[in-house]
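Visitor: Sending over work07.txt (compact mmCIF, C-alpha atoms).
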# COMPACT_ATOMS: atom_id res chain seq x y z
CA MET A 1 69.04 77.26 120.39
CA GLU A 2 71.29 78.53 123.12
CA SER A 3 71.81 82.05 124.37
CA GLU A 4 72.24 84.88 121.94
CA LEU A 5 74.95 87.49 122.07
CA HIS A 6 73.67 90.93 121.13
CA THR A 7 75.94 93.74 119.99
CA GLU A 8 74.47 97.15 119.34
CA ILE A 9 75.88 98.72 116.20
CA GLN A 10 75.77 102.50 116.35
CA SER A 11 79.19 103.55 115.15
CA ALA A 12 82.21 102.16 113.37
CA ALA A 13 83.83 101.37 116.73
CA ASP A 14 81.07 98.80 117.39
CA ILE A 15 82.14 96.88 114.28
CA VAL A 16 85.37 95.94 116.03
CA THR A 17 83.44 94.78 119.12
CA ALA A 18 81.06 92.64 117.05
CA ARG A 19 83.80 90.92 115.12
CA GLN A 20 85.88 90.24 118.22
CA ARG A 21 82.86 88.63 119.88
CA GLY A 22 82.28 86.62 116.72
CA ARG A 23 85.87 85.48 116.73
CA THR A 24 85.61 84.38 120.36
CA LEU A 25 82.32 82.51 119.86
CA ALA A 26 83.58 80.84 116.68
CA MET A 27 86.59 79.50 118.58
CA GLU A 28 84.36 78.30 121.45
CA ILE A 29 82.24 76.40 118.95
CA GLY A 30 85.32 74.72 117.57
CA PHE A 31 86.27 76.71 114.50
CA ALA A 32 89.98 77.12 114.00
CA GLY A 33 92.51 78.93 111.89
CA VAL A 34 91.32 80.61 108.76
CA ASP A 35 87.62 79.87 109.41
CA VAL A 36 87.71 82.10 112.48
CA THR A 37 89.14 84.90 110.36
CA LEU A 38 86.49 84.35 107.68
CA VAL A 39 83.72 84.63 110.29
CA ALA A 40 85.27 87.81 111.67
CA ALA A 41 85.62 89.28 108.18
CA ALA A 42 81.99 88.48 107.31
CA ILE A 43 80.80 90.14 110.53
CA SER A 44 82.95 93.15 109.72
CA GLU A 45 81.37 93.61 106.30
CA ILE A 46 77.82 93.08 107.46
CA ALA A 47 78.21 95.37 110.48
CA ARG A 48 79.70 98.04 108.27
CA ASN A 49 76.66 97.79 106.06
CA ILE A 50 74.52 98.73 109.05
CA VAL A 51 76.70 101.72 109.91
CA ASP A 52 76.85 102.96 106.32
CA HIS A 53 73.23 102.49 105.31
CA ALA A 54 71.05 102.25 108.39
CA ARG A 55 73.22 104.08 110.94
CA ARG A 56 72.14 101.73 113.73
CA GLY A 57 71.14 98.18 114.26
CA GLU A 58 72.38 95.06 115.97
CA ILE A 59 74.39 91.93 115.40
CA VAL A 60 73.13 88.80 117.12
CA LEU A 61 75.53 85.89 117.40
CA SER A 62 74.51 82.41 118.40
CA ARG A 63 75.50 78.80 118.32
CA VAL A 64 73.39 76.63 116.03
CA GLU A 65 72.98 72.91 115.69
CA ASN A 66 70.96 70.79 113.36
CA THR A 67 70.48 67.14 112.64
CA HIS A 68 69.45 67.29 109.02
CA PRO A 69 70.97 66.45 106.55
CA HIS A 70 73.46 65.34 109.17
CA SER A 71 74.46 66.27 112.71
CA ARG A 72 76.49 69.44 112.69
CA LYS A 73 77.05 72.64 114.59
CA GLY A 74 77.93 76.11 113.55
CA ILE A 75 77.69 79.81 114.18
CA GLN A 76 74.79 82.00 113.20
CA ILE A 77 75.10 85.73 112.65
CA VAL A 78 72.01 87.87 112.32
CA ALA A 79 72.41 91.52 111.33
CA ARG A 80 69.25 93.50 111.91
CA ASP A 81 68.47 97.13 111.27
CA GLU A 82 65.47 99.38 110.87
CA GLY A 83 67.10 101.45 108.18
CA PRO A 84 65.80 102.46 104.75
CA GLY A 85 65.84 98.90 103.44
CA ILE A 86 67.27 97.78 100.13
CA ARG A 87 65.28 98.72 97.05
CA ASP A 88 66.87 96.15 94.77
CA VAL A 89 68.26 93.17 96.66
CA VAL A 90 69.43 91.41 93.49
CA LYS A 91 71.50 94.43 92.53
CA ALA A 92 72.81 94.88 96.07
CA MET A 93 74.10 91.33 95.94
CA GLN A 94 76.10 92.03 92.78
CA TYR A 95 79.79 92.32 93.40
CA GLY A 96 81.05 95.86 92.93
CA TYR A 97 77.64 97.47 93.14
CA SER A 98 77.46 100.24 95.70
CA THR A 99 75.01 103.07 96.22
CA ARG A 100 77.54 104.78 98.46
CA LYS A 101 81.25 105.35 98.30
CA GLY A 102 81.96 101.72 99.14
CA LEU A 103 83.65 99.03 97.11
CA GLY A 104 80.37 97.15 96.76
CA VAL A 105 81.95 94.18 98.48
CA GLY A 106 79.99 94.02 101.73
CA LEU A 107 76.95 91.84 101.06
CA PRO A 108 78.26 89.60 98.27
CA GLY A 109 81.59 89.30 100.06
CA ALA A 110 79.97 88.17 103.29
CA LYS A 111 77.91 85.63 101.35
CA TRP A 112 81.06 84.11 99.88
CA LEU A 113 82.66 83.77 103.28
CA MET A 114 79.73 81.94 104.86
CA ASP A 115 77.85 78.71 104.07
CA ASP A 116 74.28 80.00 104.35
CA PHE A 117 73.14 83.51 103.58
CA GLU A 118 69.62 84.91 103.61
CA ILE A 119 68.56 88.49 103.22
CA ASP A 120 65.19 89.93 103.98
CA SER A 121 64.71 93.59 103.26
CA GLN A 122 61.67 95.83 103.14
CA VAL A 123 61.90 99.38 101.88
CA GLY A 124 61.18 101.79 104.72
CA LYS A 125 61.25 99.03 107.32
CA GLY A 126 64.73 97.62 107.44
CA THR A 127 66.97 94.75 106.58
CA THR A 128 67.78 91.46 108.24
CA VAL A 129 70.69 89.36 107.08
CA THR A 130 71.02 85.85 108.48
CA MET A 131 74.17 83.89 107.79
CA ARG A 132 75.64 80.68 109.10
CA LYS A 133 78.91 78.86 108.89
CA TRP A 134 79.05 75.17 109.71
CA LEU A 135 81.85 73.18 111.23
CA HIS A 136 82.98 70.60 108.71
CA MET B 1 94.38 103.83 119.55
CA ALA B 2 96.78 106.10 117.68
CA VAL B 3 99.45 104.49 115.53
CA PRO B 4 103.01 105.55 116.34
CA VAL B 5 105.03 106.77 113.37
CA LEU B 6 108.82 106.47 113.59
CA LYS B 7 111.32 108.24 111.39
CA GLN B 8 114.11 106.08 110.05
CA GLY B 9 116.39 108.00 107.68
CA ASP B 10 114.42 108.82 104.53
CA TYR B 11 111.61 106.52 105.61
CA LEU B 12 108.67 106.60 107.99
CA ILE B 13 107.53 103.46 109.75
CA ALA B 14 103.94 103.28 110.96
CA SER B 15 103.64 100.29 113.21
CA ILE B 16 100.05 99.36 113.97
CA GLN B 17 99.94 98.16 117.58
CA SER B 18 96.39 96.94 118.05
CA VAL B 19 93.13 96.36 116.25
CA LEU B 20 92.16 99.61 114.59
CA SER B 21 88.81 101.30 114.37
CA ASP B 22 87.87 103.15 111.19
CA ALA B 23 88.62 106.44 112.90
CA ASP B 24 92.15 105.29 113.80
CA LEU B 25 92.82 104.38 110.18
CA LEU B 26 91.66 107.77 108.97
CA LEU B 27 93.81 109.45 111.61
CA LEU B 28 96.79 107.45 110.38
CA ARG B 29 96.09 108.62 106.83
CA ASP B 30 96.12 112.28 107.85
CA LYS B 31 99.13 111.88 110.12
CA LEU B 32 101.23 110.20 107.42
CA SER B 33 100.33 112.74 104.79
CA GLY B 34 101.53 115.49 107.12
CA SER B 35 104.62 113.64 108.33
CA VAL B 36 105.85 112.91 104.81
CA GLY B 37 106.05 116.66 104.25
CA GLU B 38 107.47 117.45 107.66
CA PHE B 39 110.29 114.92 107.44
CA ARG B 40 110.66 115.01 103.64
CA SER B 41 110.30 111.23 103.62
CA ARG B 42 110.60 109.26 100.41
CA GLY B 43 109.25 105.99 101.66
CA VAL B 44 106.62 104.83 104.14
CA ILE B 45 106.22 101.39 105.66
CA ILE B 46 102.87 100.45 107.22
CA ASP B 47 103.17 97.38 109.40
CA VAL B 48 99.81 95.60 109.69
CA THR B 49 101.09 92.41 111.36
CA VAL B 50 98.66 92.68 114.30
CA LEU B 51 95.53 93.20 112.19
CA ASP B 52 93.27 90.14 112.48
CA VAL B 53 90.97 91.27 109.69
CA ILE B 54 91.51 93.58 106.74
CA ASP B 55 88.00 94.25 105.49
CA SER B 56 86.79 96.32 102.56
CA PHE B 57 87.02 99.57 104.48
CA ALA B 58 90.56 98.90 105.69
CA THR B 59 91.59 97.86 102.18
CA ARG B 60 90.11 100.98 100.67
CA THR B 61 91.78 103.17 103.27
CA LEU B 62 95.20 101.51 102.92
CA ARG B 63 94.94 101.96 99.16
CA ALA B 64 93.93 105.60 99.61
CA ILE B 65 96.86 106.20 101.97
CA ALA B 66 99.33 104.73 99.49
CA HIS B 67 97.95 106.76 96.59
CA MET B 68 97.84 109.94 98.64
CA LEU B 69 101.42 109.52 99.79
CA LYS B 70 102.45 108.86 96.21
CA LEU B 71 101.00 112.24 95.31
CA ARG B 72 103.08 113.68 98.14
CA GLY B 73 106.17 112.08 96.61
CA ALA B 74 106.58 109.04 98.83
CA GLU B 75 106.43 105.33 98.08
CA THR B 76 104.34 103.15 100.44
CA VAL B 77 104.77 99.50 101.26
CA ILE B 78 102.35 97.49 103.40
CA VAL B 79 104.05 94.76 105.39
CA GLY B 80 102.97 91.89 107.60
CA ILE B 81 99.62 90.77 106.15
CA GLN B 82 99.03 87.44 107.92
CA PRO B 83 98.21 84.25 105.96
CA ASP B 84 94.61 83.99 107.25
CA VAL B 85 94.03 87.67 106.63
CA ALA B 86 95.36 87.34 103.09
CA PHE B 87 93.08 84.34 102.51
CA ALA B 88 90.01 86.23 103.72
CA MET B 89 90.94 89.20 101.53
CA VAL B 90 91.17 86.97 98.47
CA GLU B 91 87.81 85.39 99.31
CA LEU B 92 86.30 88.86 99.57
CA GLY B 93 87.89 89.84 96.27
CA LEU B 94 89.88 92.62 97.92
CA THR B 95 93.12 93.71 96.30
CA LEU B 96 95.79 96.25 97.10
CA GLU B 97 96.39 96.95 93.43
CA GLY B 98 99.07 99.53 92.82
CA VAL B 99 100.30 99.30 96.39
CA GLY B 100 103.61 97.76 97.36
CA THR B 101 103.51 94.83 99.78
CA ALA B 102 106.25 92.86 101.48
CA LEU B 103 106.48 89.98 103.93
CA ASP B 104 107.78 91.89 106.94
CA LEU B 105 109.59 95.02 108.06
CA GLU B 106 112.93 93.82 106.80
CA GLU B 107 111.57 93.00 103.35
CA GLY B 108 109.69 96.29 103.38
CA LEU B 109 112.91 98.24 103.88
CA ALA B 110 114.56 96.24 101.10
CA TYR B 111 111.55 96.93 98.85
CA LEU B 112 111.85 100.68 99.39
CA ASP B 113 115.63 100.64 98.89
CA THR B 114 115.15 98.84 95.59
CA THR B 115 112.19 100.88 94.39
CA LEU B 116 113.68 104.24 95.28
CA GLY B 117 117.19 103.22 94.25
CA THR B 118 115.93 102.22 90.81
CA LYS B 119 114.18 105.52 90.46
CA LYS B 120 117.35 107.40 91.25
CA THR B 121 119.23 105.59 88.52
CA MET B 122 116.47 106.21 86.01
CA GLN B 123 116.24 109.88 86.85
CA ASN B 124 119.98 110.35 86.42
CA PRO B 125 120.94 108.24 83.45
CA GLY B 126 124.16 110.22 83.01
CA HIS B 127 125.26 109.70 86.58
CA GLY B 128 128.90 108.62 86.92
CA LYS B 129 129.93 109.77 83.47
Represent the supplied structure as structure tokens.
Guide:
Amino acid sequence: MESELHTEIQSAADIVTARQRGRTLAMEIGFAGVDVTLVAAAISEIARNIVDHARRGEIVLSRVENTHPHSRKGIQIVARDEGPGIRDVVKAMQYGYSTRKGLGVGLPGAKWLMDDFEIDSQVGKGTTVTMRKWLH
Amino acid sequence: MAVPVLKQGDYLIASIQSVLSDADLLLLRDKLSGSVGEFRSRGVIIDVTVLDVIDSFATRTLRAIAHMLKLRGAETVIVGIQPDVAFAMVELGLTLEGVGTALDLEEGLAYLDTTLGTKKTMQNPGHGK
């Protein structure tokens, strides 16, 4: 894997930075048009989740490649925080479910926009979301 | 970056100039709510042409602005949502239900003329007798 691009997320202003970096990297990798917007939108939702629930964390962007099942490249977005964690991940992934004032769109929405989506959360320790979009 | 708000007759036009942070959007909400009273505006156009992403927060805030201004007596129309942005919004399941939208500024003005013009007729059914 190549170099990673770290963006600290401490306030809502950092969300804009993270998604602009994501947009730039996606274009460098070869994404075009609406896919770039989808990547930016997914980063926006996932970064907002950090701000709303964990207050601080980071977004790590990187280029990914794999050879199985076939040769392809894509973008990987990892959102990491050491916040309270998610008590019920299944519920959190339900569309429209929100413990806060949100629309409950963030996590399930981001999953829809990307190809791969994994969430690892431990109560009291934090949450890591890993998502990837592949060039088709 | 603050969003400039221009007065155009009975209408206000808020033309977003650059990517907005959450704070900017909330500032716009407060500014418009005040300006509608100050200028006794009946319609507000929010031009979002430059926005590259309208996420759940932006959607919620735009909806809140439109509903708030409605309570203040003004109709809101959002104009300039780009094709890619609209696509991403649909994928995210985001809607601007109950909020007027139009293709661009010109269509937005026409939308307000129609909406407010219709209202006038309905409120004065005996007009012209």
Visitor: Report as a PyMOL selection string the set of chain A residues whose atoms approach chain B to within 7 Å, with distances computed over only C-alpha atoms.
Guide: chain A and resi 12-13+16+34+37-38+40-41+44-45+103+105+109+112-113
Visitor: Hey, can you check how far CA of Val48 in chain B sits from CA of Gly80 in chain B?
Guide: 5.3 Å
Visitor: Record the distance separating CA of Ile59 in chain A and CA of Ala58 in chain B, expressed in Å with one decimal.
Guide: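 Interatomic distance here is 20.1 Å.
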Visitor: Rounded to one decimal in Å, what is the spacing between CA of Val50 in chain B and CA of Ile16 in chain B?
Guide: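 Atom-to-atom, CA of Val50 in chain B to CA of Ile16 in chain B, that is 6.8 Å.
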Visitor: Between B:Val3, B:Ile13, B:Val36, B:Met68, which has the minimum distance to Gly98 in chain B (counting all atoms listed in the file)?
Guide: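 Between B:Val3, B:Ile13, B:Val36, B:Met68, the residue approaching Gly98 in chain B most closely is B:Met68.
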Visitor: Give me the residues near range 75-92 of chain A as a PDB file with C-alpha atoms, in the coordinates of the input, where near means some atom within 8 Å (using all atoms listed in the file) and where sequence neighbours in that chain fewer than 6 positions away do not count.
Guide:
ATOM      1  CA  LEU A  25      82.320  82.510 119.860  1.00  0.00           C
ATOM      2  CA  ALA A  26      83.580  80.840 116.680  1.00  0.00           C
ATOM      3  CA  ILE A  29      82.240  76.400 118.950  1.00  0.00           C
ATOM      4  CA  ILE A  43      80.800  90.140 110.530  1.00  0.00           C
ATOM      5  CA  ILE A  46      77.820  93.080 107.460  1.00  0.00           C
ATOM      6  CA  ALA A  47      78.210  95.370 110.480  1.00  0.00           C
ATOM      7  CA  ILE A  50      74.520  98.730 109.050  1.00  0.00           C
ATOM      8  CA  HIS A  53      73.230 102.490 105.310  1.00  0.00           C
ATOM      9  CA  ALA A  54      71.050 102.250 108.390  1.00  0.00           C
ATOM     10  CA  ARG A  55      73.220 104.080 110.940  1.00  0.00           C
ATOM     11  CA  ARG A  56      72.140 101.730 113.730  1.00  0.00           C
ATOM     12  CA  GLY A  57      71.140  98.180 114.260  1.00  0.00           C
ATOM     13  CA  GLU A  58      72.380  95.060 115.970  1.00  0.00           C
ATOM     14  CA  ILE A  59      74.390  91.930 115.400  1.00  0.00           C
ATOM     15  CA  VAL A  60      73.130  88.800 117.120  1.00  0.00           C
ATOM     16  CA  LEU A  61      75.530  85.890 117.400  1.00  0.00           C
ATOM     17  CA  SER A  62      74.510  82.410 118.400  1.00  0.00           C
ATOM     18  CA  ARG A  63      75.500  78.800 118.320  1.00  0.00           C
ATOM     19  CA  VAL A  64      73.390  76.630 116.030  1.00  0.00           C
ATOM     20  CA  SER A  98      77.460 100.240  95.700  1.00  0.00           C
ATOM     21  CA  GLY A 104      80.370  97.150  96.760  1.00  0.00           C
ATOM     22  CA  LEU A 107      76.950  91.840 101.060  1.00  0.00           C
ATOM     23  CA  PRO A 108      78.260  89.600  98.270  1.00  0.00           C
ATOM     24  CA  SER A 121      64.710  93.590 103.260  1.00  0.00           C
ATOM     25  CA  GLN A 122      61.670  95.830 103.140  1.00  0.00           C
ATOM     26  CA  VAL A 123      61.900  99.380 101.880  1.00  0.00           C
ATOM     27  CA  GLY A 124      61.180 101.790 104.720  1.00  0.00           C
ATOM     28  CA  LYS A 125      61.250  99.030 107.320  1.00  0.00           C
ATOM     29  CA  GLY A 126      64.730  97.620 107.440  1.00  0.00           C
ATOM     30  CA  THR A 127      66.970  94.750 106.580  1.00  0.00           C
ATOM     31  CA  THR A 128      67.780  91.460 108.240  1.00  0.00           C
ATOM     32  CA  VAL A 129      70.690  89.360 107.080  1.00  0.00           C
ATOM     33  CA  THR A 130      71.020  85.850 108.480  1.00  0.00           C
ATOM     34  CA  MET A 131      74.170  83.890 107.790  1.00  0.00           C
ATOM     35  CA  ARG A 132      75.640  80.680 109.100  1.00  0.00           C
ATOM     36  CA  LYS A 133      78.910  78.860 108.890  1.00  0.00           C
ATOM     37  CA  TRP A 134      79.050  75.170 109.710  1.00  0.00           C
TER      38      TRP A 134
END
Visitor: Between A:Ile9, A:Ile119, A:Met114, A:Leu135, single out the one closest to Met27 in chain A, counting only C-alpha atoms.
Guide: A:Leu135
Visitor: Quick one: residues within 12 Å of Leu71 in chain B, only C-alpha atoms counted, chain neighbours fewer than 3 positions away excluded, as number ranges by chain?
Guide: B: 33, 36-37, 42, 64-68, 74-76
Visitor: Could you please give me, as a list in words, the residues of protein, DNA or RNA lying at most 12 Å from (107.6, 114.1, 110.1) in the coordinate frame of the file, considering only C-alpha atoms?
Guide: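 The answer, in the requested form, is Pro4, Val5, Leu6, Lys7, Gln8, Gly9, Asp10, Tyr11, Leu12, Ile13, Ala14, Asp30, Lys31, Leu32, Ser33, Gly34, Ser35, Val36, Gly37, Glu38, Phe39, Arg40, Ser41, Arg42, Gly43 and Val44 of chain B.
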Visitor: Using the selection just defined, write its residues with C-alpha atoms as a JSON list (two decimals), keeping the file's coordinate frame.
Guide:
[["chain", "number", "residue", "atom", "x", "y", "z"],
["B", 4, "PRO", "CA", 103.01, 105.55, 116.34],
["B", 5, "VAL", "CA", 105.03, 106.77, 113.37],
["B", 6, "LEU", "CA", 108.82, 106.47, 113.59],
["B", 7, "LYS", "CA", 111.32, 108.24, 111.39],
["B", 8, "GLN", "CA", 114.11, 106.08, 110.05],
["B", 9, "GLY", "CA", 116.39, 108.00, 107.68],
["B", 10, "ASP", "CA", 114.42, 108.82, 104.53],
["B", 11, "TYR", "CA", 111.61, 106.52, 105.61],
["B", 12, "LEU", "CA", 108.67, 106.60, 107.99],
["B", 13, "ILE", "CA", 107.53, 103.46, 109.75],
["B", 14, "ALA", "CA", 103.94, 103.28, 110.96],
["B", 30, "ASP", "CA", 96.12, 112.28, 107.85],
["B", 31, "LYS", "CA", 99.13, 111.88, 110.12],
["B", 32, "LEU", "CA", 101.23, 110.20, 107.42],
["B", 33, "SER", "CA", 100.33, 112.74, 104.79],
["B", 34, "GLY", "CA", 101.53, 115.49, 107.12],
["B", 35, "SER", "CA", 104.62, 113.64, 108.33],
["B", 36, "VAL", "CA", 105.85, 112.91, 104.81],
["B", 37, "GLY", "CA", 106.05, 116.66, 104.25],
["B", 38, "GLU", "CA", 107.47, 117.45, 107.66],
["B", 39, "PHE", "CA", 110.29, 114.92, 107.44],
["B", 40, "ARG", "CA", 110.66, 115.01, 103.64],
["B", 41, "SER", "CA", 110.30, 111.23, 103.62],
["B", 42, "ARG", "CA", 110.60, 109.26, 100.41],
["B", 43, "GLY", "CA", 109.25, 105.99, 101.66],
["B", 44, "VAL", "CA", 106.62, 104.83, 104.14]]
Visitor: Restricting the calculation to only C-alpha atoms: of B:Arg72, B:Thr61, B:Thr95, B:Asp47, which residue gets closest to Glu107 in chain B?
Guide: B:Asp47
